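Undergrad: Structure file protein_6.cif (mmCIF, C-alpha atoms) right here:
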data_entry
loop_
_atom_site.label_atom_id
_atom_site.label_comp_id
_atom_site.auth_asym_id
_atom_site.auth_seq_id
_atom_site.Cartn_x
_atom_site.Cartn_y
_atom_site.Cartn_z
CA MET A 1 31.18 339.04 -109.71
CA MET A 2 29.96 336.77 -112.50
CA MET A 3 29.37 333.09 -111.63
CA HIS A 4 29.15 330.27 -114.12
CA PRO A 5 25.57 328.81 -114.24
CA LYS A 6 26.78 325.33 -113.22
CA THR A 7 28.78 326.74 -110.33
CA HIS A 8 25.73 328.72 -109.25
CA ARG A 9 23.54 325.60 -109.19
CA CYS A 10 26.20 323.73 -107.21
CA ALA A 11 26.33 326.48 -104.61
CA PHE A 12 22.55 326.45 -104.36
CA VAL A 13 22.48 322.68 -103.77
CA LEU A 14 25.17 322.88 -101.08
CA THR A 15 23.30 325.69 -99.35
CA GLY A 16 20.11 323.61 -99.41
CA LEU A 17 21.87 320.57 -97.93
CA LEU A 18 23.37 322.71 -95.16
CA ALA A 19 19.91 324.05 -94.30
CA LEU A 20 18.53 320.50 -94.08
CA VAL A 21 21.36 319.41 -91.77
CA LEU A 22 20.81 322.38 -89.48
CA ALA A 23 17.05 321.82 -89.42
CA ALA A 24 17.28 318.09 -88.70
CA PRO A 25 16.26 317.24 -85.11
CA ALA A 26 18.95 315.92 -82.77
CA GLN A 27 18.80 312.15 -82.51
CA ALA A 28 18.49 310.47 -79.11
CA ALA A 29 21.47 308.54 -77.77
CA PRO A 30 21.44 304.96 -79.06
CA LEU A 31 20.24 302.28 -76.66
CA PRO A 32 23.12 300.17 -75.27
CA LYS A 33 23.18 296.60 -76.60
CA THR A 34 23.94 295.12 -73.17
CA VAL A 35 23.48 296.14 -69.56
CA THR A 36 26.60 297.77 -68.12
CA TRP A 37 26.54 296.49 -64.54
CA ASN A 38 28.23 298.67 -61.94
CA LYS A 39 30.71 296.66 -59.87
CA SER A 40 31.11 299.28 -57.12
CA PHE A 41 28.14 299.32 -54.75
CA ASP A 42 28.93 302.81 -53.47
CA ALA A 43 29.13 304.15 -57.03
CA ALA A 44 25.76 302.58 -57.89
CA LEU A 45 24.14 304.21 -54.85
CA ARG A 46 25.72 307.57 -55.69
CA ILE A 47 24.45 307.47 -59.28
CA ALA A 48 21.01 306.38 -58.06
CA LYS A 49 20.87 309.37 -55.76
CA GLN A 50 21.93 311.74 -58.54
CA LYS A 51 19.33 310.38 -60.95
CA ASP A 52 16.62 309.71 -58.34
CA LYS A 53 16.33 306.04 -59.31
CA LEU A 54 16.34 302.68 -57.56
CA VAL A 55 19.26 300.28 -57.78
CA LEU A 56 18.72 296.85 -59.35
CA ALA A 57 21.20 294.70 -57.43
CA TYR A 58 21.96 291.33 -59.03
CA PHE A 59 23.83 288.67 -57.03
CA SER A 60 25.18 286.00 -59.35
CA SER A 61 27.76 283.28 -59.95
CA SER A 62 28.53 283.58 -63.63
CA ASP A 63 30.77 280.50 -63.80
CA GLY A 64 29.01 278.21 -61.34
CA ASP A 65 25.26 278.70 -61.62
CA PRO A 66 23.39 277.14 -64.58
CA TYR A 67 20.22 279.04 -63.72
CA GLY A 68 22.07 282.34 -63.88
CA GLN A 69 23.62 281.40 -67.21
CA LYS A 70 20.21 280.47 -68.59
CA LEU A 71 18.77 283.74 -67.30
CA GLN A 72 21.61 285.71 -68.89
CA LYS A 73 20.98 284.11 -72.27
CA GLU A 74 17.17 284.27 -72.27
CA VAL A 75 16.35 287.44 -70.32
CA LEU A 76 19.22 289.65 -69.17
CA SER A 77 20.71 289.97 -72.66
CA SER A 78 17.37 290.72 -74.32
CA GLU A 79 16.54 294.08 -75.85
CA ASN A 80 13.42 294.28 -73.63
CA PHE A 81 15.47 293.96 -70.45
CA VAL A 82 18.28 296.27 -71.58
CA LYS A 83 15.72 298.93 -72.51
CA TRP A 84 13.89 298.57 -69.18
CA VAL A 85 17.09 298.86 -67.14
CA ASP A 86 18.28 301.89 -69.12
CA ALA A 87 14.99 303.70 -68.49
CA ASN A 88 14.24 302.76 -64.88
CA VAL A 89 17.11 301.67 -62.62
CA ILE A 90 20.82 301.78 -61.90
CA PRO A 91 22.25 298.26 -62.36
CA PHE A 92 24.69 296.70 -59.88
CA ASN A 93 26.16 293.19 -59.99
CA ALA A 94 28.00 291.26 -57.29
CA ASP A 95 29.40 288.16 -58.99
CA PHE A 96 30.73 285.28 -56.89
CA THR A 97 33.02 283.28 -59.17
CA SER A 98 35.25 280.27 -58.58
CA ASN A 99 38.02 281.98 -60.53
CA LYS A 100 40.99 282.56 -58.23
CA ARG A 101 42.19 285.72 -59.97
CA GLN A 102 42.39 288.85 -57.85
CA ASP A 103 38.97 290.43 -57.51
CA LEU A 104 38.97 294.09 -56.45
CA PHE A 105 35.39 293.78 -55.19
CA LYS A 106 35.68 290.44 -53.35
CA LYS A 107 35.60 291.99 -49.86
CA GLN A 108 32.74 294.33 -50.82
CA ASN A 109 30.68 291.46 -52.23
CA GLU A 110 31.24 289.26 -49.19
CA GLU A 111 30.06 292.08 -46.93
CA LEU A 112 26.98 292.56 -49.11
CA GLN A 113 26.31 288.83 -49.01
CA THR A 114 26.15 289.04 -45.22
CA ARG A 115 24.23 292.30 -45.16
CA TYR A 116 21.48 291.08 -47.50
CA GLN A 117 21.58 287.44 -46.36
CA ILE A 118 22.29 285.96 -49.79
CA SER A 119 22.10 282.16 -49.60
CA VAL A 120 21.29 281.32 -53.24
CA VAL A 121 21.95 282.85 -56.64
CA PRO A 122 20.61 284.34 -58.77
CA THR A 123 19.02 286.81 -56.33
CA PHE A 124 17.82 290.30 -57.17
CA PHE A 125 16.99 293.36 -55.07
CA LEU A 126 15.44 296.70 -55.79
CA LEU A 127 17.19 299.08 -53.38
CA ASP A 128 16.66 302.74 -52.63
CA ASN A 129 19.64 305.07 -52.87
CA ASP A 130 20.49 304.41 -49.20
CA GLY A 131 20.72 300.67 -49.86
CA GLU A 132 17.44 299.84 -48.13
CA VAL A 133 15.44 296.94 -49.59
CA VAL A 134 12.36 297.83 -51.65
CA ALA A 135 11.82 294.37 -53.16
CA ARG A 136 13.57 291.00 -53.26
CA PHE A 137 13.06 288.32 -55.92
CA GLY A 138 14.78 285.47 -57.70
CA TYR A 139 14.95 283.32 -60.80
CA ASP A 140 11.29 282.25 -60.82
CA GLN A 141 10.03 285.85 -60.93
CA VAL A 142 12.10 286.95 -63.95
CA LYS A 143 12.66 283.72 -65.89
CA LEU A 144 11.53 283.30 -69.49
CA LEU A 145 8.18 281.52 -69.67
CA GLU A 146 7.85 278.42 -71.84
CA SER A 147 5.29 280.26 -73.97
CA GLU A 148 7.71 283.14 -74.68
CA PRO A 149 10.39 283.17 -77.38
CA VAL A 150 14.00 283.66 -76.31
CA GLY A 151 14.77 287.36 -76.06
CA LYS A 152 11.13 288.38 -75.43
CA PRO A 153 10.67 288.17 -71.63
CA VAL A 154 7.32 289.96 -71.46
CA ALA A 155 6.25 288.49 -68.09
CA ALA A 156 9.58 289.41 -66.48
CA ILE A 157 9.28 293.03 -67.58
CA GLU A 158 5.69 293.17 -66.30
CA PHE A 159 6.88 291.84 -62.93
CA LEU A 160 9.65 294.46 -62.75
CA ASP A 161 7.21 297.24 -63.69
CA ASN A 162 4.84 296.14 -60.91
CA ALA A 163 7.71 296.06 -58.40
CA LEU A 164 8.55 299.66 -59.29
CA ARG A 165 4.94 300.81 -59.10
CA ASN A 166 4.44 299.21 -55.69
CA LYS A 167 7.52 300.70 -54.05
CA PRO A 168 6.68 302.43 -50.77
CA ASP A 169 6.59 306.19 -50.63
CA GLN A 170 9.63 307.82 -49.08
CA GLU A 171 8.87 309.01 -45.56
CA LYS A 172 10.01 312.40 -44.38
CA LEU A 173 12.06 312.72 -41.21
CA LEU A 174 9.92 314.27 -38.46
CA VAL A 175 12.06 316.51 -36.27
CA GLN A 176 10.63 317.14 -32.80
CA PRO A 177 11.28 320.38 -30.86
CA SER A 178 12.26 318.65 -27.61
CA LEU A 179 12.98 315.31 -26.01
CA ALA A 180 9.62 315.34 -24.23
CA ALA A 181 7.76 316.04 -27.50
CA ALA A 182 9.65 313.23 -29.22
CA GLY A 183 8.73 310.82 -26.44
CA ASP A 184 5.06 311.80 -26.53
CA TYR A 185 4.89 311.42 -30.34
CA ALA A 186 6.64 308.05 -30.20
CA LYS A 187 4.19 306.74 -27.59
CA ALA A 188 1.15 308.02 -29.47
CA HIS A 189 2.23 306.48 -32.79
CA LYS A 190 4.03 303.41 -31.40
CA LEU A 191 7.31 304.40 -33.07
CA PRO A 192 10.94 304.42 -31.88
CA VAL A 193 12.84 307.66 -31.41
CA LEU A 194 16.09 308.32 -33.30
CA PHE A 195 18.52 310.47 -31.32
CA LEU A 196 21.34 312.35 -33.03
CA LEU A 197 23.79 313.62 -30.42
CA THR A 198 26.25 316.26 -31.59
CA ARG A 199 28.92 318.34 -29.89
CA PRO A 200 27.88 322.00 -29.59
CA ASP A 201 30.10 324.77 -30.87
CA PRO A 202 32.08 325.88 -27.77
CA ALA A 203 32.00 329.46 -29.06
CA LYS A 204 28.18 329.52 -28.91
CA PRO A 205 25.89 329.24 -25.88
CA PRO A 206 24.29 325.76 -25.52
CA THR A 207 20.68 325.41 -26.66
CA PRO A 208 17.94 323.64 -24.63
CA MET A 209 18.32 320.59 -26.90
CA HIS A 210 22.05 320.43 -26.14
CA LYS A 211 21.25 320.39 -22.44
CA GLU A 212 18.82 317.51 -23.02
CA ALA A 213 21.51 315.71 -24.98
CA ASP A 214 23.86 316.03 -22.02
CA LYS A 215 21.19 314.42 -19.82
CA LEU A 216 20.92 311.49 -22.25
CA VAL A 217 24.68 311.00 -22.21
CA ASP A 218 24.71 311.03 -18.42
CA LEU A 219 21.89 308.43 -18.37
CA GLN A 220 23.83 306.22 -20.75
CA ARG A 221 26.87 306.37 -18.52
#
Step by step, read the file and then write its structure as C-alpha cells.

TA:
Amino acid sequence: MMMHPKTHRCAFVLTGLLALVLAAPAQAAPLPKTVTWNKSFDAALRIAKQKDKLVLAYFSSSDGDPYGQKLQKEVLSSENFVKWVDANVIPFNADFTSNKRQDLFKKQNEELQTRYQISVVPTFFLLDNDGEVVARFGYDQVKLLESEPVGKPVAAIEFLDNALRNKPDQEKLLVQPSLAAAGDYAKAHKLPVLFLLTRPDPAKPPTPMHKEADKLVDLQR
C-alpha cells in the first residue's frame, strides 16, 4: 500500500512518541500536602501493624489551645513534617474541642485521655502497634525555634528522628515448657510470669500443662 510522504512522517512521529511514553519510568505517588490524621485509634493501630510502623498519637484541642494552633501553623503544616510523617509513622489525632456537635470519637478519646494520663495539650506519643508507649513529648520538643523560619522546623524533625532511632527493640515472648520452669526462670531473671489459661479440647486427652493449669485455678479458688 502506498503512503503519502507526509502521512508517513506523521506515523513515524506518533510511533516515536508512543515509544517514549512506554519507556518513561513510573512516577512516585505525590507527597500529600497535609497530614491526614486517623481519628479511629483501632484503625491507626491496625494500619501500623500492617505497615510495621509506630503510631504518632497527637492529643490536641484545636479550638481552645493557642499553643496547638501555633504548632499547627509553624510545624505540623510544614512540608518537612508532612514528609516525615508520610515516611515514618501512622498519624492519629484525638481532638478535644469545645464544640457541642456530635463527635463519633468522643467516648474513645475520653478513654484514651484516661489511659495515657493526658492532663495538658498538645501532647504527643510514639506508640507501638499494640498501643504501648515508646516515647512521650510535648510542645517544647517539637516547637519552631526562634532561629528557624516558619515552615522549616529542622530541630523538631531531628528530635523525631532521634525518638525513632532510640525506640527499644521488640522483645520476643519466651514460652516455658512447664510451670516449674517458668517459676525458676522468673526467679533467676527477676521477672513476672504471664499465665495464659485456656480450656482444653474435650475430644483430646489433657496435656501436662493443662493439668498444671487446673492446679492454678484450684489455688485461685

Undergrad: Name the residues captured by the PyMOL selection byres ((chain A and resi 74) around 9) when it is applied to the shown file; answer as an mmCIF file with C-alpha atoms, in the frame of the given file.

TA:
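Result went into out.cif, see below:
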data_model
loop_
_atom_site.group_PDB
_atom_site.id
_atom_site.type_symbol
_atom_site.label_atom_id
_atom_site.label_comp_id
_atom_site.auth_asym_id
_atom_site.auth_seq_id
_atom_site.Cartn_x
_atom_site.Cartn_y
_atom_site.Cartn_z
ATOM 1 C CA GLN A 69 23.620 281.400 -67.210
ATOM 2 C CA LYS A 70 20.210 280.470 -68.590
ATOM 3 C CA LEU A 71 18.770 283.740 -67.300
ATOM 4 C CA GLN A 72 21.610 285.710 -68.890
ATOM 5 C CA LYS A 73 20.980 284.110 -72.270
ATOM 6 C CA VAL A 75 16.350 287.440 -70.320
ATOM 7 C CA LEU A 76 19.220 289.650 -69.170
ATOM 8 C CA SER A 77 20.710 289.970 -72.660
ATOM 9 C CA SER A 78 17.370 290.720 -74.320
ATOM 10 C CA LYS A 143 12.660 283.720 -65.890
ATOM 11 C CA LEU A 144 11.530 283.300 -69.490
ATOM 12 C CA PRO A 149 10.390 283.170 -77.380
ATOM 13 C CA VAL A 150 14.000 283.660 -76.310
ATOM 14 C CA GLY A 151 14.770 287.360 -76.060
ATOM 15 C CA LYS A 152 11.130 288.380 -75.430
ATOM 16 C CA PRO A 153 10.670 288.170 -71.630
#

Undergrad: Identify all residues satisfying the PyMOL selection byres ((chain A and resi 156) around 8) in the given file; provide them as a list in words.

TA: Gln141, Val142, Lys143, Leu144, Pro153, Val154, Ala155, Ile157, Glu158, Phe159 and Leu160 of chain A

Undergrad: In Å, rounded to a single decimal, give me how far atom CA of Ser40 of chain A is from atom CA of Leu112 of chain A.

TA: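 Spanning atom CA of Leu112 of chain A to atom CA of Ser40 of chain A is a straight-line distance of 11.2 Å.
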
Undergrad: Grab the atom CA of Lys215 of chain A to atom CA of Ala186 of chain A distance for me, in Å with one decimal place.

TA: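 Computed distance, atom CA of Lys215 of chain A to atom CA of Ala186 of chain A, equals 19.0 Å.
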
Undergrad: Please enumerate the residues selected by the PyMOL selection byres ((chain A and resi 59) around 8) when evaluated against the supplied file, formatted as a list in words.

TA: Ala57, Tyr58, Ser60, Ser61, Asn93, Ala94, Asp95, Phe96, Ile118, Val121, Pro122, Thr123 and Phe124 of chain A

Undergrad: Which distance in Å separates atom CA of Phe125 of chain A and atom CA of Leu56 of chain A, to one decimal?

TA: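 A separation of 5.8 Å between them.
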
Undergrad: Using only C-alpha atoms, can you tell me which of A:Ala87, A:Asn109, A:Ala181, A:Ser147 comes closest to Lys53 of chain A?

TA: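 Under the stated criterion, the closest residue is A:Ala87.
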